[in-house]
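Student: Would you mind keeping the following structure in view while I ask a few things?
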Amino acid sequence: MPFLSETLARVKPSPTVAVTQLAAELKAQGRDVIGLGAGEPDFDTPDNIKAAAIAAIEAGKTKYTAPDGIIELKQAICDKFKRENGLGYVPSQVSVSTGGKQVLFNALLATLNPGDEVIIPAPYWVSYPDMVRLGQGEPVIVEGERQLGYKITPAALEAAITPKTKWFIFNSPSNPTGAGYNRDELKALTDVLMRHPHVWVMTDDMYEHLAYDGFDFVTPAQIEPGLYDRTLTVNGVSKAYAMTGWRIGYAAGPEHLIAAMRKLQSQSTTNPSTISQWAAVEALNGPQDFLAERCDAFLRRRDLVVAGLNACPGIDCATPEGAFYVYPSIADCIGKTSAGGALIENDEAFAKALLEEEGVAVVFGAAFGLSPNFRVSYATSDAALTEACARIKRFCEGLR
């Protein structure tokens with residue numbers, strides 16, 4: 001009898017974590033590697049947020065809290081949803097976890113039964129399907145159309161819904177493409193969902209504050225109030241506030257779902273770090289002016305990377321509406337051989353050869369469910385991005 005769980009065999013390690021670790025290992029060995037794999041802002045956590053954490057430590061706020069967060073943070077989250085999204089919640093409708101990943105995991109594990117289906121648009125964040133599988137559900141992948149910026153259509157969503165569908169996972173702006181759904185596009189999707197009252201919506205809004213060129217961020221329950229009672233609106237402080245290592249994610253939704261998630265969390269991790277919770281209170285309640293400044297920096301980097309990649313033979317890079325990723329197509333590179341002799345038979349081979357020959361670490365598209373592409377995170381310095389684009393161009397020019 002095998003020792004490990006059969007459920008574990010249904011999932012694989014996170015490819016984005018793997019490529020980041022590999023890049024770090026190569027750097028430690030003395031290799032000149034530019035890592036474009038991590039979805040992590042290079043900016044520091046703002047000083048007022050760090051000061052709030054220090055104050056919490058000095059005040060002795062270092063004990064256990066309620067399993068899913070302190071009331072002060074839950075109230076700050078309610079205020080944020082009201083202020084920024086026009087959504088009314090009370091603290092009993094809020095769950096706080098150790099990062100957005102745990103929020104999503106808790107919700108899926110608390111609701112899925114064997115055979116339940118979860119619709120996931122592709123390209124998708126690498127963890128969505130595996131979380132569904134861990135909950136013994138079945139991922140149903142709906143591919144976004146390249147000519148539509150890798151966004152799915154209402155017809156494709158409707159065609160994927162069956163009596164077994166339990167959730168629709170929605171992410172805009174998207175990881176990995178940066179694609180954002182405007183009001184009309186989102187309303188068309190919510191119109192479909194309104195025709196299927198058994199389908200719940202899990203919306204991952206982690207990149208809400210990273211939107212460009214006048215893109216107007218909206219979230220499903222905001223566009224269609226009729227979905228309020230079957231929507232879990234997920235967010236966190238990691239990306240916008242440069243607090244990835246603080247590990248605070250949160251969600252708001254119907255009380256019975258939040259209670260189920262609380263029950264699950266009480267028997268796993270219990271409360272997130274108390275210090276991080278008090279820092280998150282300051283993040284949400286404190287000054288927000290730096291968000292626009294950092295968004296401007298990411299916009300500049302986006303334009304730098306899009307222009308740099310489109311100058312590479314065989315690469316076609318769309319201009320995304322948000323987040324800090326691009327997802328260029330390398331369809332014209334497949335089947336060629338690199339200057340170092342590597343056969344580029346798919347996007348994984350492209351990424352491997354690019355790392356070995358030019359020292360640029362990217363994540364191959366198959367990890368996100370749609371090929372042939374690769375993901376670049378431009379959450380790093382302009383200098384590193386400029387050099388990376390030059391290396392990618394040299395690599396592509398060497399393909400024969």
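Residue numbers start at 1 in each chain; chains themselves are named A, B, ... in the order of the structure tokens; ligands are numbered from 1 in the order shown.
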Would you list the contacts of stretch 111-114 of chain A as an NGL selection string, taking every protein, DNA or RNA residue within 6 Å and counting only C-alpha atoms, but skipping same-chain residues closer than 2 positions in sequence?
Tutor: :A and (108-109 or 116 or 135-137)
Student: Go through stretch 108-221 of chain A and collect every residue that DSSP, computed from the backbone, puts in strand (DSSP E); the answer should be as number ranges by chain.
Tutor: A: 117-122, 138-143, 165-171, 200-204
Student: What lies within 10 Å of A:Leu385 using only C-alpha atoms, ignoring chain neighbours under 2 positions off, as a PyMOL selection string?
Tutor: chain A and resi 34-36+301-302+304-305+308+376-383+387-391
Student: Give the answer as one residue: which of A:Lys166, A:Arg375, A:Arg400, A:Arg247 has the shortest atom-to-atom distance to A:Ala107, using only C-alpha atoms?
Tutor: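 Of A:Lys166, A:Arg375, A:Arg400, A:Arg247, the one nearest A:Ala107, counting only C-alpha atoms, is A:Lys166.
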Student: Looking only at alpha helix (DSSP H) from DSSP on the backbone, list the matching residues of stretch 242-381 of chain A as a ChimeraX atom specification.
Tutor: /A:255-266,274-285,289-310,347-358
Student: Please identify all polymer residues within 12 Å of A:Val192, counting only C-alpha atoms, omitting same-chain residues fewer than 4 positions from it, and present them as a list in words.
Tutor: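 The residues satisfying every condition are Thr153, Pro154, Ala155, Ala156, Leu157, Glu158, Ala159, Ala160, Ile161, Phe168, Glu185, Leu186, Lys187, Ala188, His196, Pro197, His198, Val199, Trp200, Val201, Pro220, Glu224, Gly226 and Leu227 of chain A.
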Student: Output N, CA, C and O atoms of each residue in that selection to a file, as a compact mmCIF listing (two decimals), in the first residue's frame.
Tutor:
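After the write, out.txt holds the following:
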```txt
# COMPACT_ATOMS: atom_id res chain seq x y z
N THR A 153 -15.35 34.23 -23.82
CA THR A 153 -16.59 34.84 -24.28
C THR A 153 -17.77 34.33 -23.45
O THR A 153 -17.69 33.25 -22.84
N PRO A 154 -18.87 35.07 -23.42
CA PRO A 154 -20.06 34.59 -22.72
C PRO A 154 -20.54 33.24 -23.28
O PRO A 154 -20.97 32.37 -22.50
N ALA A 155 -20.45 33.05 -24.58
CA ALA A 155 -20.89 31.79 -25.18
C ALA A 155 -20.05 30.62 -24.69
O ALA A 155 -20.56 29.53 -24.41
N ALA A 156 -18.74 30.84 -24.56
CA ALA A 156 -17.86 29.78 -24.08
C ALA A 156 -18.15 29.45 -22.62
O ALA A 156 -18.13 28.27 -22.22
N LEU A 157 -18.44 30.47 -21.81
CA LEU A 157 -18.80 30.23 -20.42
C LEU A 157 -20.09 29.43 -20.33
O LEU A 157 -20.18 28.44 -19.59
N GLU A 158 -21.07 29.84 -21.10
CA GLU A 158 -22.37 29.16 -21.06
C GLU A 158 -22.22 27.70 -21.46
O GLU A 158 -22.82 26.80 -20.85
N ALA A 159 -21.41 27.44 -22.48
CA ALA A 159 -21.23 26.07 -22.98
C ALA A 159 -20.55 25.17 -21.95
O ALA A 159 -20.74 23.95 -21.98
N ALA A 160 -19.78 25.76 -21.06
CA ALA A 160 -19.04 24.97 -20.07
C ALA A 160 -19.87 24.61 -18.85
O ALA A 160 -19.50 23.70 -18.09
N ILE A 161 -20.96 25.30 -18.62
CA ILE A 161 -21.78 25.08 -17.43
C ILE A 161 -22.61 23.81 -17.58
O ILE A 161 -23.26 23.59 -18.60
N PHE A 168 -17.35 29.21 -10.62
CA PHE A 168 -16.66 29.85 -11.74
C PHE A 168 -15.58 30.73 -11.12
O PHE A 168 -15.88 31.63 -10.34
N GLU A 185 -17.82 43.75 -20.88
CA GLU A 185 -17.40 42.35 -20.98
C GLU A 185 -17.79 41.57 -19.73
O GLU A 185 -18.27 40.43 -19.82
N LEU A 186 -17.60 42.18 -18.57
CA LEU A 186 -17.95 41.50 -17.34
C LEU A 186 -19.46 41.36 -17.19
O LEU A 186 -19.96 40.32 -16.74
N LYS A 187 -20.20 42.39 -17.59
CA LYS A 187 -21.66 42.31 -17.51
C LYS A 187 -22.19 41.18 -18.38
O LYS A 187 -23.13 40.45 -17.99
N ALA A 188 -21.58 40.97 -19.53
CA ALA A 188 -22.01 39.87 -20.41
C ALA A 188 -21.78 38.52 -19.74
O ALA A 188 -22.59 37.59 -19.89
N HIS A 196 -27.93 30.78 -14.37
CA HIS A 196 -27.55 29.49 -13.78
C HIS A 196 -27.35 29.67 -12.28
O HIS A 196 -26.22 29.78 -11.80
N PRO A 197 -28.43 29.71 -11.51
CA PRO A 197 -28.34 30.06 -10.09
C PRO A 197 -27.58 29.07 -9.22
O PRO A 197 -27.29 29.38 -8.06
N HIS A 198 -27.22 27.90 -9.75
CA HIS A 198 -26.46 26.93 -8.95
C HIS A 198 -24.96 27.19 -9.02
O HIS A 198 -24.19 26.55 -8.28
N VAL A 199 -24.53 28.12 -9.88
CA VAL A 199 -23.10 28.38 -10.05
C VAL A 199 -22.68 29.56 -9.18
O VAL A 199 -23.25 30.65 -9.27
N TRP A 200 -21.66 29.33 -8.35
CA TRP A 200 -21.10 30.38 -7.51
C TRP A 200 -19.90 31.01 -8.19
O TRP A 200 -19.28 30.41 -9.07
N VAL A 201 -19.57 32.23 -7.76
CA VAL A 201 -18.46 32.98 -8.36
C VAL A 201 -17.37 33.20 -7.33
O VAL A 201 -17.63 33.71 -6.24
N PRO A 220 -17.35 41.27 -10.05
CA PRO A 220 -18.66 40.74 -10.44
C PRO A 220 -19.85 41.17 -9.60
O PRO A 220 -20.89 41.56 -10.15
N GLU A 224 -23.13 43.08 -11.03
CA GLU A 224 -24.43 42.40 -10.97
C GLU A 224 -24.77 42.09 -9.51
O GLU A 224 -24.37 41.07 -8.96
N GLY A 226 -27.25 40.94 -8.25
CA GLY A 226 -27.96 39.67 -8.11
C GLY A 226 -27.06 38.50 -7.78
O GLY A 226 -27.53 37.45 -7.35
N LEU A 227 -25.76 38.69 -7.97
CA LEU A 227 -24.79 37.64 -7.66
C LEU A 227 -24.21 37.76 -6.25
O LEU A 227 -23.43 36.90 -5.84
```
Student: Using only C-alpha atoms, can you tell me which of A:Ser14, A:Ser5, A:Ser273, A:Ser92 comes closest to A:Gly245?
Tutor: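 Distance minimum relative to A:Gly245 lands on A:Ser273.
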Student: Measuring between only C-alpha atoms, which one of A:Gly369, A:Gly69, A:Gly398, A:Pro2 shows the shortest distance to A:Gly341?
Tutor: A:Gly398
Student: For each of A:Phe81, A:Trp246, A:Gln288, A:Gly115, take the minimum atom-to-atom distance to A:Asp205, counting only C-alpha atoms, then give the residue where this is smallest.
Tutor: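 So, comparing all the options, the nearest one is A:Phe81.
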Student: Pick the closest to A:Lys50 from A:Phe350, A:Phe368, A:Tyr241, A:Tyr250: which is it, counting only C-alpha atoms?
Tutor: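 When distances to A:Lys50 are compared using only C-alpha atoms, the smallest one comes from A:Tyr241.
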Student: Show me, as a list in words, the residues that have an atom within 7 Å of A:Val118 when counting only C-alpha atoms, minus same-chain residues fewer than 5 positions from it.
Tutor: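 The residues satisfying every condition are Glu138, Pro139, Val140, Thr165, Lys166, Trp167 and Phe168 of chain A.
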Student: Could you tell me which of A:Ala339, A:Ala280, A:Ile71, A:Ala211 comes closest to A:Gln93 if we count only C-alpha atoms?
Tutor: A:Ile71
Student: Pick out the residues sitting within 9 Å of A:Thr45, and hand them over as a list in words; count only C-alpha atoms, and ignore anything fewer than 2 positions along from it in its own chain.
Tutor: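 In the requested form, the answer reads Phe43, Asp47, Asn48, Ile49, Lys50, Tyr241, Ala242 and Met243 of chain A.
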Student: Take the residues just selected and output them with C-alpha atoms as a tab-separated table (two decimals), in the first residue's frame.
Tutor:
```
chain	number	residue	atom	x	y	z
A	43	PHE	CA	9.15	47.86	-4.10
A	47	ASP	CA	7.13	52.83	6.01
A	48	ASN	CA	3.81	53.54	7.74
A	49	ILE	CA	2.83	49.89	7.39
A	50	LYS	CA	6.17	48.68	8.79
A	241	TYR	CA	1.03	47.14	-0.88
A	242	ALA	CA	4.22	45.14	-1.61
A	243	MET	CA	3.48	42.84	1.32
```
Student: Identify, on the basis of only C-alpha atoms, every residue whose closest approach to A:Leu87 does not exceed 12 Å; exclude the query and any residue fewer than 5 positions from it along the same chain; express the result as a list of chain:residue names.
Tutor: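 That gives A:Ile77, A:Cys78, A:Asp79, A:Lys80, A:Phe81, A:Lys82, A:Gln93, A:Val218, A:Thr219, A:Pro220, A:Ala221, A:Gln222, A:Ile223, A:Glu224, A:Pro225, A:Leu227, A:Tyr228, A:Asp229, A:Thr231, A:Leu232, A:Thr233, A:Ala252, A:Gly253.
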Student: Grab the atom CA of A:Thr7 to atom CA of A:His256 distance for me, in Å with one decimal place.
Tutor: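 Computing the Euclidean distance for atom CA of A:Thr7 and atom CA of A:His256 yields 26.5 Å.
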